[in-house]
>>> print(open('my_file_15.cif').read())   # mmCIF, C-alpha atoms
data_coords
#
loop_
_atom_site.group_PDB
_atom_site.id
_atom_site.type_symbol
_atom_site.label_atom_id
_atom_site.label_comp_id
_atom_site.auth_asym_id
_atom_site.auth_seq_id
_atom_site.Cartn_x
_atom_site.Cartn_y
_atom_site.Cartn_z
ATOM 1 C CA MET A 1 6.584 -30.857 20.618
ATOM 2 C CA ILE A 2 7.989 -30.116 17.150
ATOM 3 C CA ASN A 3 4.893 -31.580 15.486
ATOM 4 C CA LYS A 4 2.662 -29.300 17.555
ATOM 5 C CA LEU A 5 4.764 -26.275 16.587
ATOM 6 C CA LEU A 6 4.673 -27.217 12.907
ATOM 7 C CA SER A 7 0.932 -27.804 13.140
ATOM 8 C CA THR A 8 0.432 -24.374 14.721
ATOM 9 C CA ILE A 9 2.502 -22.663 12.016
ATOM 10 C CA ASP A 10 0.595 -24.567 9.324
ATOM 11 C CA ASN A 11 -2.732 -23.474 10.855
ATOM 12 C CA ILE A 12 -1.619 -19.844 10.943
ATOM 13 C CA LEU A 13 -0.531 -19.965 7.314
ATOM 14 C CA ASN A 14 -3.804 -21.576 6.283
ATOM 15 C CA LEU A 15 -5.764 -18.747 7.923
ATOM 16 C CA SER A 16 -4.097 -16.126 5.765
ATOM 17 C CA LYS A 17 -5.777 -14.872 2.640
ATOM 18 C CA PRO A 18 -4.254 -15.681 -0.732
ATOM 19 C CA PRO A 19 -1.941 -12.942 -2.007
ATOM 20 C CA LEU A 20 -3.237 -10.317 -4.395
ATOM 21 C CA SER A 21 -2.226 -10.630 -8.019
ATOM 22 C CA PRO A 22 0.732 -8.376 -8.839
ATOM 23 C CA ILE A 23 -0.006 -5.164 -10.724
ATOM 24 C CA PRO A 24 1.788 -5.124 -14.092
ATOM 25 C CA PRO A 25 4.746 -2.699 -14.002
ATOM 26 C CA SER A 26 3.415 -0.595 -16.892
ATOM 27 C CA VAL A 27 0.064 -0.098 -15.123
ATOM 28 C CA LEU A 28 1.868 0.770 -11.897
ATOM 29 C CA LEU A 29 4.091 3.321 -13.626
ATOM 30 C CA ILE A 30 1.135 5.002 -15.322
ATOM 31 C CA GLY A 31 -1.322 4.823 -12.443
ATOM 32 C CA ALA A 32 0.797 5.617 -9.389
ATOM 33 C CA ASN A 33 1.398 9.254 -10.309
ATOM 34 C CA LYS A 34 -2.280 9.848 -10.996
ATOM 35 C CA ARG A 35 -3.403 8.919 -7.464
ATOM 36 C CA PRO A 36 -4.260 11.895 -5.281
ATOM 37 C CA GLY A 37 -2.922 10.421 -2.044
ATOM 38 C CA LEU A 38 -4.800 9.844 1.212
ATOM 39 C CA ILE A 39 -7.126 12.786 1.968
ATOM 40 C CA ALA A 40 -8.901 12.630 5.339
ATOM 41 C CA SER A 41 -11.800 14.914 4.407
ATOM 42 C CA GLU A 42 -12.671 12.815 1.340
ATOM 43 C CA ILE A 43 -12.607 9.584 3.343
ATOM 44 C CA VAL A 44 -14.821 11.136 6.044
ATOM 45 C CA SER A 45 -17.252 12.387 3.414
ATOM 46 C CA ASN A 46 -17.520 8.871 1.973
ATOM 47 C CA ILE A 47 -18.096 7.352 5.429
ATOM 48 C CA ILE A 48 -20.776 9.911 6.314
ATOM 49 C CA SER A 49 -22.569 9.414 3.003
ATOM 50 C CA ARG A 50 -22.765 5.638 3.663
ATOM 51 C CA LYS A 51 -24.084 5.748 7.246
ATOM 52 C CA GLY A 52 -27.625 5.189 5.992
ATOM 53 C CA GLU A 53 -26.554 1.766 4.711
ATOM 54 C CA VAL A 54 -26.384 0.523 8.302
ATOM 55 C CA GLY A 55 -29.416 2.436 9.516
ATOM 56 C CA ILE A 56 -27.666 5.410 11.123
ATOM 57 C CA ILE A 57 -29.975 8.364 10.663
ATOM 58 C CA THR A 58 -29.532 11.509 12.719
ATOM 59 C CA GLN A 59 -31.611 14.599 12.208
ATOM 60 C CA ASP A 60 -30.188 16.684 15.030
ATOM 61 C CA ASP A 61 -27.623 19.189 13.692
ATOM 62 C CA VAL A 62 -25.646 19.100 16.958
ATOM 63 C CA THR A 63 -25.476 15.290 16.895
ATOM 64 C CA ASN A 64 -24.474 15.343 13.213
ATOM 65 C CA SER A 65 -21.749 17.902 13.912
ATOM 66 C CA ILE A 66 -20.281 15.896 16.800
ATOM 67 C CA THR A 67 -20.538 12.587 14.925
ATOM 68 C CA ASN A 68 -18.970 14.024 11.785
ATOM 69 C CA GLY A 69 -16.232 15.670 13.854
ATOM 70 C CA MET A 70 -15.423 12.335 15.487
ATOM 71 C CA GLU A 71 -15.281 10.657 12.073
ATOM 72 C CA LEU A 72 -12.761 13.277 10.947
ATOM 73 C CA ILE A 73 -10.625 12.744 14.065
ATOM 74 C CA ARG A 74 -10.816 8.960 13.646
ATOM 75 C CA VAL A 75 -9.775 9.067 9.985
ATOM 76 C CA GLU A 76 -7.030 11.630 10.609
ATOM 77 C CA GLU A 77 -5.565 9.438 13.343
ATOM 78 C CA ILE A 78 -5.696 6.301 11.183
ATOM 79 C CA LEU A 79 -4.056 8.109 8.266
ATOM 80 C CA ASN A 80 -1.470 9.661 10.563
ATOM 81 C CA ALA A 81 -0.596 6.203 11.901
ATOM 82 C CA LEU A 82 -0.269 4.827 8.368
ATOM 83 C CA ILE A 83 1.712 7.774 7.039
ATOM 84 C CA THR A 84 3.979 7.981 10.087
ATOM 85 C CA ASN A 85 4.526 4.314 10.902
ATOM 86 C CA ALA A 86 3.797 2.197 7.828
ATOM 87 C CA LYS A 87 6.790 0.749 6.044
ATOM 88 C CA ILE A 88 6.712 -0.432 2.469
ATOM 89 C CA GLU A 89 9.332 -2.918 1.405
ATOM 90 C CA VAL A 90 9.913 -4.068 -2.152
ATOM 91 C CA VAL A 91 12.260 -6.613 -3.604
ATOM 92 C CA ILE A 92 13.585 -6.973 -7.116
ATOM 93 C CA PRO A 93 14.219 -10.686 -7.697
ATOM 94 C CA MET A 94 17.292 -12.257 -9.235
ATOM 95 C CA GLY A 95 17.225 -12.668 -12.991
ATOM 96 C CA VAL A 96 15.473 -9.406 -13.904
ATOM 97 C CA PRO A 97 16.807 -8.158 -17.258
ATOM 98 C CA ILE A 98 18.752 -4.893 -17.130
ATOM 99 C CA GLN A 99 20.102 -2.645 -19.842
ATOM 100 C CA GLY A 100 22.323 0.390 -19.541
ATOM 101 C CA VAL A 101 23.771 2.922 -21.953
ATOM 102 C CA GLY A 102 26.640 5.323 -21.371
ATOM 103 C CA SER A 103 29.915 6.426 -22.802
ATOM 104 C CA ASN A 104 33.583 6.749 -22.040
ATOM 105 C CA ALA A 105 36.640 8.048 -23.859
ATOM 106 C CA GLY A 106 36.419 5.122 -26.251
ATOM 107 C CA GLY A 107 32.820 5.902 -27.272
ATOM 108 C CA PRO A 108 29.374 4.607 -26.405
ATOM 109 C CA VAL A 109 28.992 1.705 -23.995
ATOM 110 C CA THR A 110 25.968 -0.595 -23.835
ATOM 111 C CA VAL A 111 25.448 -3.037 -20.989
ATOM 112 C CA ILE A 112 22.963 -5.908 -21.030
ATOM 113 C CA GLY A 113 22.500 -8.435 -18.265
ATOM 114 C CA THR A 114 20.367 -9.597 -15.390
ATOM 115 C CA THR A 115 20.285 -8.864 -11.696
ATOM 116 C CA MET A 116 22.562 -11.259 -9.854
ATOM 117 C CA ALA A 117 21.040 -10.945 -6.377
ATOM 118 C CA PRO A 118 17.761 -9.707 -4.941
ATOM 119 C CA ALA A 119 17.655 -5.941 -4.419
ATOM 120 C CA VAL A 120 15.588 -4.372 -1.640
ATOM 121 C CA GLY A 121 13.890 -0.988 -1.691
ATOM 122 C CA TYR A 122 11.737 0.964 0.736
ATOM 123 C CA GLY A 123 8.877 3.401 0.331
ATOM 124 C CA ILE A 124 6.323 5.436 2.222
ATOM 125 C CA ILE A 125 2.548 5.797 2.068
ATOM 126 C CA ARG A 126 1.293 9.231 1.122
#
>>> encode(input="my_file_15.cif", output="structure tokens")
Amino acid sequence: MINKLLSTIDNILNLSKPPLSPIPPSVLLIGANKRPGLIASEIVSNIISRKGEVGIITQDDVTNSITNGMELIRVEEILNALITNAKIEVVIPMGVPIQGVGSNAGGPVTVIGTTMAPAVGYGIIR
């Protein structure tokens, strides 16, 4: 029984894709603020422009209007689900160097050390 359970868990883990390489912190700091966010109309435009790649060709304006409208609804609903329900969790591992500077009545204070325990943070998709 236990062997079957372990085998099943092993099979599930083997089906998963390898993790992406981490983005260097400096690249993340520079690049994150330059992203425009998720924009439904731009995504729909990209989808519509690629329909020919799979042989979808419509010449009827009514059909195009309905199809394009459905693409917009589909993308808006997907983005709404991501923006409303997605949860981003981050962890800062133990041993990350930290440095702090401040002052008190005795003068400047400098602190140098490392994180002692993992820290958890949360974010949202925009």
>>> residues_around(input="my_file_15.cif", residues="Leu72 in chain A", least_positions_apart="2", cutoff="7 Å", atoms="only C-alpha atoms", output="JSON, numbers by chain")
{"A": [40, 41, 44, 68, 69, 70, 74, 75, 76]}
>>> atom_distance(input="my_file_15.cif", atom1="CA of Asn80 in chain A", atom2="CA of Ile47 in chain A")
17.6 Å
>>> resolve_selection(input="my_file_15.cif", expression="the PyMOL selection byres ((chain A and resi 90-93) around 7)", output="VMD selection string")
chain A and resid 88 to 89 94 to 96 117 to 122
>>> atom_distance(input="my_file_15.cif", atom1="CA of Ile56 in chain A", atom2="CA of Ala81 in chain A")
27.1 Å
>>> axis_aligned_box(input="my_file_15.cif", around="range 56-74 of chain A", padding_each_side="3 Å", output="lines of an AutoDock Vina configuration file")
center_x = -21.1
center_y = 12.3
center_z = 13.8
size_x = 27.0
size_y = 19.8
size_z = 12.3
>>> atom_distance(input="my_file_15.cif", atom1="CA of Arg35 in chain A", atom2="CA of Gly123 in chain A")
15.6 Å
>>> residues_around(input="my_file_15.cif", residues="Ile112 in chain A", least_positions_apart="6", cutoff="8 Å", atoms="all atoms listed in the file", output="ChimeraX atom specification")
/A:97-100
>>> write_last_selection(input="my_file_15.cif", atoms="C-alpha atoms", output="tab-separated table (two decimals), in the coordinates of the input")
chain	number	residue	atom	x	y	z
A	97	PRO	CA	16.81	-8.16	-17.26
A	98	ILE	CA	18.75	-4.89	-17.13
A	99	GLN	CA	20.10	-2.64	-19.84
A	100	GLY	CA	22.32	0.39	-19.54
>>> closest_residue(input="my_file_15.cif", among="A:Ile9, A:Thr63, A:Ile78, A:Gly107", to="Ile43 in chain A", atoms="all atoms listed in the file")
A:Ile78
